[in-house]
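Okay, my_file.tsv now, which holds TSV, C-alpha atoms and all ligand atoms:
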```tsv
chain	number	residue	atom	x	y	z
A	1	MET	CA	-14.10	13.67	8.00
A	2	THR	CA	-10.57	15.02	8.33
A	3	TYR	CA	-8.53	12.57	6.30
A	4	LEU	CA	-9.15	11.53	2.70
A	5	ALA	CA	-6.46	9.28	1.24
A	6	LYS	CA	-5.71	9.67	-2.45
A	7	PRO	CA	-5.93	6.51	-4.55
A	8	LYS	CA	-2.50	5.02	-5.26
A	9	PHE	CA	-3.30	4.52	-8.94
A	10	HIS	CA	-1.60	6.90	-11.34
A	11	HIS	CA	-0.95	7.07	-15.05
A	12	PRO	CA	2.12	4.97	-15.93
A	13	ALA	CA	3.44	7.72	-18.20
A	14	LEU	CA	3.65	10.38	-15.48
A	15	PRO	CA	6.97	12.21	-15.78
A	16	LYS	CA	9.63	11.22	-13.23
A	17	ASN	CA	12.38	13.29	-11.69
A	18	THR	CA	15.99	12.11	-11.51
A	19	LEU	CA	15.19	10.04	-8.39
A	20	GLY	CA	12.44	8.20	-10.27
A	21	PHE	CA	9.65	9.85	-8.26
A	22	THR	CA	6.49	11.17	-9.90
A	23	HIS	CA	4.50	14.19	-8.84
A	24	ARG	CA	2.18	11.83	-6.98
A	25	ASP	CA	5.02	10.80	-4.66
A	26	TYR	CA	5.09	14.36	-3.31
A	27	GLU	CA	1.35	14.70	-2.77
A	28	GLY	CA	-0.55	14.11	0.47
A	29	SER	CA	-4.18	13.36	1.26
A	30	ILE	CA	-7.08	15.12	-0.45
A	31	SER	CA	-7.56	18.70	0.72
A	32	THR	CA	-10.59	19.47	2.87
A	33	LEU	CA	-10.16	23.25	2.52
A	34	CYS	CA	-12.81	25.42	0.84
A	35	ALA	CA	-12.77	25.15	-2.96
A	36	GLY	CA	-10.68	28.05	-4.27
A	37	CYS	CA	-8.72	28.65	-1.04
A	38	GLY	CA	-5.34	30.22	-1.83
A	39	HIS	CA	-3.64	27.78	0.55
A	40	ASP	CA	-4.27	24.86	-1.86
A	41	SER	CA	-2.28	26.66	-4.57
A	42	ILE	CA	0.64	27.02	-2.16
A	43	SER	CA	0.50	23.28	-1.40
A	44	SER	CA	0.68	22.53	-5.08
A	45	ALA	CA	3.63	24.94	-5.50
A	46	ILE	CA	5.45	23.14	-2.64
A	47	ILE	CA	4.79	19.77	-4.34
A	48	GLN	CA	6.16	21.06	-7.64
A	49	ALA	CA	9.21	22.65	-5.98
A	50	CYS	CA	10.14	19.42	-4.14
A	51	PHE	CA	9.59	17.37	-7.30
A	52	GLU	CA	11.86	19.67	-9.30
A	53	LEU	CA	14.49	19.81	-6.56
A	54	ASN	CA	14.60	16.00	-6.53
A	55	ILE	CA	14.18	15.91	-2.76
A	56	GLU	CA	13.90	12.44	-1.28
A	57	PRO	CA	10.63	12.73	0.70
A	58	HIS	CA	12.15	11.14	3.83
A	59	ARG	CA	14.75	13.91	3.98
A	60	LEU	CA	12.15	16.61	4.66
A	61	ALA	CA	10.29	17.46	7.86
A	62	LYS	CA	7.18	19.67	7.62
A	63	LEU	CA	5.86	21.35	10.75
A	64	SER	CA	2.87	23.57	11.39
A	65	GLY	CA	0.67	25.10	14.08
A	66	ILE	CA	-3.13	25.46	14.02
A	67	GLY	CA	-5.31	27.04	11.34
A	68	CYS	CA	-6.46	26.23	7.81
A	69	SER	CA	-2.91	27.04	6.66
A	70	SER	CA	-1.45	24.76	9.31
A	71	LYS	CA	-3.69	21.91	8.09
A	72	THR	CA	-2.11	22.03	4.64
A	73	PRO	CA	1.00	19.89	5.36
A	74	ASP	CA	-1.47	17.01	5.37
A	75	TYR	CA	-2.09	17.72	1.69
A	76	PHE	CA	1.51	17.52	0.46
A	77	LEU	CA	4.59	15.36	1.02
A	78	GLY	CA	2.67	12.43	2.46
A	79	GLN	CA	5.89	10.42	2.73
A	80	SER	CA	7.82	13.07	4.69
A	81	HIS	CA	8.14	13.61	8.43
A	82	GLY	CA	5.43	15.81	9.89
A	83	PHE	CA	4.44	17.47	13.15
A	84	ASN	CA	1.29	19.47	13.78
A	85	SER	CA	1.91	21.53	16.92
A	86	VAL	CA	-0.17	23.86	19.11
A	87	HIS	CA	-1.43	27.24	17.77
A	88	GLY	CA	1.58	29.58	17.37
A	89	ARG	CA	4.10	27.09	18.75
A	90	MET	CA	5.46	25.54	15.56
A	91	PRO	CA	8.72	27.58	15.61
A	92	SER	CA	9.91	26.17	18.94
A	93	VAL	CA	9.09	22.59	17.91
A	94	LEU	CA	10.94	23.18	14.62
A	95	THR	CA	13.92	24.62	16.50
A	96	GLY	CA	14.04	21.55	18.76
A	97	ALA	CA	13.80	19.14	15.84
A	98	ASN	CA	16.55	21.06	14.10
A	99	LEU	CA	18.81	20.71	17.15
A	100	ALA	CA	18.16	16.97	17.29
A	101	ASN	CA	18.77	16.29	13.60
A	102	LYS	CA	20.53	18.82	11.42
A	103	ASP	CA	20.46	16.59	8.34
A	104	LEU	CA	16.79	17.10	7.49
A	105	ILE	CA	15.32	19.88	5.39
A	106	TYR	CA	12.90	21.81	7.61
A	107	LEU	CA	9.76	23.36	6.22
A	108	GLY	CA	7.58	25.39	8.61
A	109	VAL	CA	4.10	26.20	7.31
A	110	SER	CA	2.02	28.70	9.22
A	111	GLY	CA	-0.74	31.30	8.99
A	112	ASP	CA	-0.78	35.02	9.65
A	113	GLY	CA	-2.70	34.37	12.87
A	114	ASP	CA	-0.39	31.52	13.80
A	115	SER	CA	2.78	33.59	13.21
A	116	ALA	CA	1.87	37.28	13.54
A	117	SER	CA	-0.77	37.11	16.28
A	118	ILE	CA	-0.47	34.35	18.90
A	119	GLY	CA	2.89	33.06	17.62
A	120	LEU	CA	4.70	36.34	17.05
A	121	GLY	CA	7.31	35.83	19.77
A	122	GLN	CA	7.97	32.28	18.63
A	123	PHE	CA	8.42	33.38	15.03
A	124	VAL	CA	10.80	36.20	15.96
A	125	HIS	CA	13.05	34.08	18.17
A	126	CYS	CA	13.19	31.20	15.72
A	127	VAL	CA	14.41	33.49	12.92
A	128	ARG	CA	16.66	35.47	15.29
A	129	ARG	CA	18.38	32.25	16.29
A	130	GLY	CA	19.25	31.52	12.67
A	131	VAL	CA	17.45	28.17	12.50
A	132	ASN	CA	18.08	26.44	9.19
A	133	MET	CA	14.60	26.21	7.63
A	134	LEU	CA	12.16	27.54	5.10
A	135	TYR	CA	9.33	29.26	6.97
A	136	ILE	CA	6.21	30.00	4.88
A	137	THR	CA	3.26	32.06	6.08
A	138	GLU	CA	0.02	31.63	4.14
A	139	ASN	CA	-1.20	35.15	4.73
A	140	ASN	CA	-4.91	35.91	4.28
A	141	GLY	CA	-5.25	38.66	6.89
A	142	VAL	CA	-7.82	36.71	8.92
A	143	TYR	CA	-8.23	33.73	11.20
A	144	GLY	CA	-9.84	31.57	8.52
A	145	LEU	CA	-10.36	28.50	10.67
A	146	THR	CA	-12.29	30.42	13.34
A	147	LYS	CA	-14.48	32.22	10.79
A	148	GLY	CA	-12.69	35.36	9.71
A	149	GLN	CA	-11.62	37.62	12.61
A	150	PHE	CA	-8.90	40.15	11.60
A	151	SER	CA	-5.35	38.96	12.22
A	152	ALA	CA	-2.32	41.13	12.96
A	153	THR	CA	-1.49	41.38	9.23
A	154	ALA	CA	-4.90	42.83	8.27
A	155	ASP	CA	-4.43	46.26	6.70
A	156	LYS	CA	-5.81	49.31	8.46
A	157	GLY	CA	-9.15	50.18	6.85
A	158	SER	CA	-9.64	46.75	5.30
A	159	LYS	CA	-13.29	45.70	5.58
A	160	SER	CA	-14.52	42.51	7.21
A	161	LYS	CA	-17.21	40.39	5.56
A	162	ALA	CA	-19.76	41.95	7.93
A	163	GLY	CA	-18.66	45.44	6.81
A	164	GLY	CA	-16.62	46.63	9.81
A	165	ALA	CA	-13.23	48.28	9.16
A	166	ASN	CA	-9.99	47.18	10.82
A	167	ASN	CA	-8.67	50.06	12.94
A	168	ASP	CA	-5.31	48.61	13.91
A	169	SER	CA	-2.00	49.00	12.07
A	170	PRO	CA	-0.75	45.84	10.39
A	171	LEU	CA	2.45	43.96	11.03
A	172	ASP	CA	4.58	43.52	7.92
A	173	LEU	CA	6.13	40.07	8.29
A	174	VAL	CA	8.63	40.66	5.48
A	175	GLY	CA	9.93	43.86	7.10
A	176	LEU	CA	10.09	42.08	10.43
A	177	ALA	CA	11.95	39.07	9.00
A	178	LEU	CA	14.56	41.38	7.48
A	179	LEU	CA	14.96	43.20	10.78
A	180	ILE	CA	15.47	40.07	12.85
A	181	GLY	CA	18.08	38.53	10.57
A	182	ALA	CA	16.42	36.17	8.08
A	183	THR	CA	18.98	35.63	5.32
A	184	PHE	CA	16.46	34.85	2.58
A	185	VAL	CA	13.24	36.90	2.54
A	186	ALA	CA	10.50	37.07	-0.08
A	187	ARG	CA	6.85	37.88	-0.58
A	188	SER	CA	4.71	36.23	-3.21
A	189	PHE	CA	1.09	35.54	-4.15
A	190	SER	CA	-0.62	32.16	-4.15
A	191	GLY	CA	-2.09	33.06	-7.56
A	192	ASP	CA	1.35	33.50	-9.16
A	193	LYS	CA	2.90	30.06	-9.32
A	194	THR	CA	5.45	31.11	-11.92
A	195	GLN	CA	6.98	33.32	-9.27
A	196	LEU	CA	6.21	31.18	-6.22
A	197	ILE	CA	7.71	27.83	-7.30
A	198	PRO	CA	11.27	29.09	-7.92
A	199	LEU	CA	11.06	31.09	-4.69
A	200	ILE	CA	10.17	27.95	-2.72
A	201	MET	CA	12.94	26.02	-4.48
A	202	ALA	CA	15.44	28.73	-3.57
A	203	GLY	CA	14.15	28.96	0.01
A	204	LEU	CA	14.39	25.19	0.54
A	205	SER	CA	17.97	25.20	-0.79
A	206	HIS	CA	19.04	28.21	1.23
A	207	PRO	CA	21.26	27.46	4.22
A	208	GLY	CA	19.95	29.47	7.18
A	209	PRO	CA	16.63	31.08	8.09
A	210	ALA	CA	14.58	31.58	4.91
A	211	PHE	CA	11.17	33.23	5.05
A	212	ILE	CA	8.43	33.60	2.42
A	213	ASP	CA	5.22	35.48	3.11
A	214	VAL	CA	2.61	34.31	0.59
A	215	ILE	CA	-0.54	36.39	0.22
A	216	SER	CA	-3.21	33.70	0.06
A	217	PRO	CA	-6.83	34.90	-0.11
A	218	CYS	CA	-9.46	33.26	2.09
A	219	VAL	CA	-12.42	32.81	-0.23
A	220	ALA	CA	-14.84	32.13	2.63
A	221	PHE	CA	-14.16	35.16	4.89
A	222	ASN	CA	-11.91	37.70	3.19
A	223	ASN	CA	-12.61	37.82	-0.52
A	224	HIS	CA	-15.20	40.61	-0.74
A	225	PRO	CA	-15.04	44.22	-2.00
A	226	GLY	CA	-13.31	46.40	0.60
A	227	SER	CA	-10.88	43.67	1.65
A	228	THR	CA	-7.22	44.27	0.84
A	229	LYS	CA	-6.50	40.53	0.79
A	230	SER	CA	-9.14	39.51	-1.76
A	231	PHE	CA	-8.14	37.93	-5.06
A	232	ASP	CA	-9.37	40.98	-7.00
A	233	PHE	CA	-7.52	43.46	-4.79
A	234	VAL	CA	-4.26	41.51	-4.81
A	235	ARG	CA	-4.37	40.98	-8.59
A	236	GLU	CA	-5.00	44.70	-9.15
A	237	HIS	CA	-2.22	45.79	-6.80
A	238	ASN	CA	0.29	43.02	-7.40
A	239	GLU	CA	3.61	44.39	-8.57
A	240	ALA	CA	5.94	41.51	-9.33
A	241	VAL	CA	9.34	43.11	-8.66
A	242	ASN	CA	11.13	40.49	-10.73
A	243	ARG	CA	10.69	37.26	-12.65
A	244	LEU	CA	12.85	34.64	-11.06
A	245	ASP	CA	14.16	31.25	-11.92
A	246	TYR	CA	16.10	28.76	-9.89
A	247	MET	CA	19.30	26.97	-10.90
A	248	ASP	CA	20.83	24.17	-8.87
A	249	PRO	CA	24.33	24.94	-7.64
A	250	ARG	CA	26.68	22.95	-9.92
A	251	GLU	CA	30.36	22.01	-9.91
A	252	THR	CA	32.54	24.52	-11.73
A	253	ILE	CA	33.80	23.17	-15.06
A	254	THR	CA	37.42	24.02	-15.88
A	255	VAL	CA	39.22	23.28	-19.16
A	256	ASP	CA	42.77	23.58	-20.31
A	257	TYR	CA	43.61	23.43	-24.04
A	258	ALA	CA	46.24	24.71	-26.40
A	259	PRO	CA	46.02	28.02	-28.30
A	260	GLY	CA	44.75	27.55	-31.84
A	261	THR	CA	42.68	24.48	-30.97
A	262	VAL	CA	38.98	23.85	-30.43
A	263	ASN	CA	37.69	22.13	-27.31
A	264	GLU	CA	34.22	20.66	-26.84
A	265	VAL	CA	32.90	20.91	-23.27
A	266	THR	CA	29.90	18.88	-22.15
A	267	LEU	CA	27.75	21.02	-19.85
A	268	HIS	CA	25.71	19.79	-16.86
A	269	ASP	CA	22.50	19.65	-18.90
A	270	GLY	CA	24.18	17.47	-21.57
A	271	SER	CA	24.57	20.24	-24.14
A	272	THR	CA	27.94	20.97	-25.75
A	273	LEU	CA	29.88	24.19	-25.74
A	274	ARG	CA	32.59	24.58	-28.42
A	275	LEU	CA	35.45	26.77	-27.27
A	276	ALA	CA	37.97	27.96	-29.85
A	277	LYS	CA	41.15	29.46	-28.45
A	278	LEU	CA	42.86	32.06	-30.62
A	279	HIS	CA	46.14	31.20	-32.26
A	280	PRO	CA	49.15	32.72	-30.44
A	281	GLU	CA	50.05	34.76	-33.52
A	282	TYR	CA	46.58	36.22	-33.81
A	283	ASP	CA	46.75	39.99	-33.76
A	284	ALA	CA	43.53	41.59	-32.54
A	285	HIS	CA	44.71	44.99	-33.88
A	286	ASP	CA	45.37	43.84	-37.46
A	287	ARG	CA	42.55	45.61	-39.30
A	288	ILE	CA	43.83	44.74	-42.74
A	289	GLY	CA	44.29	41.08	-41.80
A	290	ALA	CA	40.69	41.00	-40.57
A	291	MET	CA	39.44	42.54	-43.83
A	292	THR	CA	41.44	40.02	-45.86
A	293	TYR	CA	39.94	37.21	-43.84
A	294	ILE	CA	36.32	38.23	-44.31
A	295	MET	CA	36.83	39.09	-47.99
A	296	ARG	CA	38.15	35.61	-48.76
A	297	PRO	CA	36.99	34.16	-52.09
A	298	ALA	CA	33.78	32.46	-53.12
A	299	ARG	CA	34.59	29.11	-51.53
A	300	SER	CA	33.56	30.36	-48.13
A	301	THR	CA	30.60	32.34	-49.56
A	302	ARG	CA	29.38	29.22	-51.29
A	303	SER	CA	29.66	27.10	-48.16
A	304	ARG	CA	27.79	29.74	-46.18
A	305	CYS	CA	25.06	29.74	-48.79
A	306	MET	CA	24.81	25.97	-48.65
A	307	THR	CA	23.86	26.14	-45.01
A	308	ALA	CA	21.36	28.96	-45.45
A	309	ARG	CA	17.73	28.09	-46.03
A	310	ARG	CA	17.08	30.29	-49.07
A	311	CYS	CA	19.97	31.16	-51.31
A	312	VAL	CA	20.33	32.22	-54.93
A	313	LEU	CA	23.88	32.08	-56.13
A	314	PRO	CA	25.01	34.70	-58.67
A	315	SER	CA	23.81	33.67	-62.11
A	316	SER	CA	25.28	34.62	-65.48
A	317	THR	CA	22.46	37.12	-66.26
A	318	PRO	CA	23.38	40.33	-64.44
A	319	ASN	CA	19.74	41.54	-64.15
A	320	THR	CA	18.66	38.49	-62.23
A	321	THR	CA	21.73	38.23	-60.07
A	322	ARG	CA	20.69	38.40	-56.46
A	323	THR	CA	22.18	36.66	-53.49
A	324	THR	CA	20.02	36.35	-50.44
A	325	ALA	CA	20.43	34.25	-47.39
A	326	SER	CA	18.23	34.02	-44.35
A	327	ALA	CA	19.04	32.48	-41.06
A	328	PRO	CA	17.73	28.93	-40.67
A	401	LIG	C1	-4.22	28.57	22.02
A	401	LIG	C2	-5.29	28.70	20.97
A	401	LIG	N1	-5.94	29.86	20.84
A	401	LIG	C3	-6.89	29.99	19.89
A	401	LIG	C4	-7.20	28.95	19.09
A	401	LIG	C5	-8.30	29.10	18.06
A	401	LIG	N2	-7.76	29.23	16.74
A	401	LIG	C6	-7.59	28.17	15.94
A	401	LIG	S1	-6.97	28.56	14.46
A	401	LIG	C7	-6.94	30.18	14.86
A	401	LIG	C8	-6.48	31.23	13.90
A	401	LIG	C9	-5.88	30.70	12.62
A	401	LIG	O1	-5.54	31.77	11.80
A	401	LIG	P1	-4.34	31.67	10.81
A	401	LIG	O2	-3.12	31.22	11.48
A	401	LIG	O3	-4.24	32.96	10.10
A	401	LIG	O4	-4.74	30.49	9.82
A	401	LIG	P2	-5.84	30.47	8.67
A	401	LIG	O5	-6.97	29.65	9.22
A	401	LIG	O6	-6.25	31.85	8.36
A	401	LIG	O7	-5.14	29.82	7.53
A	401	LIG	C10	-7.40	30.40	16.13
A	401	LIG	C11	-7.51	31.74	16.76
A	401	LIG	C12	-6.49	27.74	19.26
A	401	LIG	N3	-6.73	26.68	18.49
A	401	LIG	N4	-5.54	27.64	20.20
A	402	LIG	S1	-11.98	29.29	5.70
A	402	LIG	FE1	-10.68	30.53	4.39
A	402	LIG	S2	-8.59	29.93	4.88
A	402	LIG	FE2	-9.97	28.33	5.67
A	402	LIG	S3	-10.10	26.82	4.00
A	402	LIG	FE3	-11.81	28.22	3.76
A	402	LIG	S4	-11.03	29.75	2.31
A	402	LIG	FE4	-9.25	28.69	3.13
A	403	MG	MG	-4.96	33.51	8.27
```
Rewrite the coordinates I just gave you, this time as structure tokens.
Amino acid sequence: MTYLAKPKFHHPALPKNTLGFTHRDYEGSISTLCAGCGHDSISSAIIQACFELNIEPHRLAKLSGIGCSSKTPDYFLGQSHGFNSVHGRMPSVLTGANLANKDLIYLGVSGDGDSASIGLGQFVHCVRRGVNMLYITENNGVYGLTKGQFSATADKGSKSKAGGANNDSPLDLVGLALLIGATFVARSFSGDKTQLIPLIMAGLSHPGPAFIDVISPCVAFNNHPGSTKSFDFVREHNEAVNRLDYMDPRETITVDYAPGTVNEVTLHDGSTLRLAKLHPEYDAHDRIGAMTYIMRPARSTRSRCMTARRCVLPSSTPNTTRTTASAP
């Protein structure tokens, strides 16, 4: 069984994005990967990123090669364009599609075997040519689909499930992507969605070749002690360089108002910013004037106290006179 459709039914109160789509509109069929496979977490991060970016599903084309990772496009964006190519050949198909239609958003999803072993040349030339895409590798250090042989990203000394050590030096796809001219490069971990979702959002919005290498443990063949791509190892050695967030590019807001007046500006998120422009006669160097202003009589003190949550105004009995105010 390779295809399990999800039921169309969903809760009527599911949140919608600005296009009126729910999360379900960005899902695909039910995953047939092993329970706990890191790749499923990446699929769900892609779904969340597209939902938050308000992408119309028909504007995106997802392409992949062969492998467990390359099966995943079936599990997200069921209403988008899709093409499952030959092992290691996704980049050239993506390049061709890109030449034919530049208006789509291209998402290439691949594995470490698909991109760093058999498809290395394809990957390099696709990035070198500056193809406009987000290219994601779901990197588990093994050929998961063919039962766990080391791939070209397996670390030297990392142990296989049978106990043998990998003697070859690994390829670092991030270093390679930087070298060959990718203009957006990142590495993340399938177990860190807080970091991964904004990265995918930024990569999808980036014009030019964007690349994200996501360490994505294979629970069936590379999740044992001695493996450098196991969940335990990655969690212990994960150093998140930064905490990121993504903001949509927005139109610049400009205002023009007279000195001495206050202007209320409505921001893109609907909140209001009050801008007060100084009076032309205001003298920023007038220390005495500033002191006079802040020492103004009780009227202003009283009005400040009225807005504070706890406030005891001076009473007539000097011993009990205490004025305290705390921020609301
Ligand atoms: C031309 C060709 N060679 C070999 C294979 C066998 N094969 C299928 S998937 C795969 C490796 C997949 O590894 P990876 O890309 O890392 O994906 P994963 O399963 O680990 O997610 C191999 C060697 C194939 N399908 N086609
Ligand atoms: S074999 Fe590994 S990579 Fe493939 S689905 Fe299972 S856990 Fe994931
Ligand atoms: Mg792999």
Sorted per-residue table, range 233-313 of chain A near range 190-204 of chain A, closest atoms and distance, 8 Å, only C-alpha atoms, as a tab-separated table:
```
residue	atom	partner	partner_atom	distance
A:Arg243	CA	A:Gln195	CA	6.4
A:Leu244	CA	A:Gln195	CA	6.3
A:Asp245	CA	A:Pro198	CA	5.4
A:Tyr246	CA	A:Pro198	CA	5.2
```
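Inspection of the environment of ligand LIG 401 (chain A), which uses all atoms listed in the file and a cut-off of 6 Å, identifies the neighbouring residues as A:Ile66, A:Gly67, A:Cys68, A:Ser69, A:His87, A:Gly111, A:Asp112, A:Gly113, A:Asp114, A:Asn140, A:Val142, A:Tyr143, A:Gly144, A:Leu145, A:Thr146.
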Atom pair CA of His81 in chain A + CA of Ala61 in chain A, distance 4.4 Å
7 Å shell around ligand LIG 402 (chain A) using all atoms listed in the file, listed as a list of chain:residue names: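 Counting only what the definition allows, namely all atoms listed in the file, the set is A:Leu33, A:Cys34, A:Gly36, A:Cys37, A:Gly38, A:His39, A:Cys68, A:Ser69, A:Gly144, A:Leu145, A:Lys147, A:Cys218, A:Val219, A:Ala220, A:Phe221.
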Between CA of Phe123 in chain A and CA of Phe83 in chain A, distance in Å (one decimal):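 Answer for the CA of Phe123 in chain A to CA of Phe83 in chain A separation: 16.5 Å.
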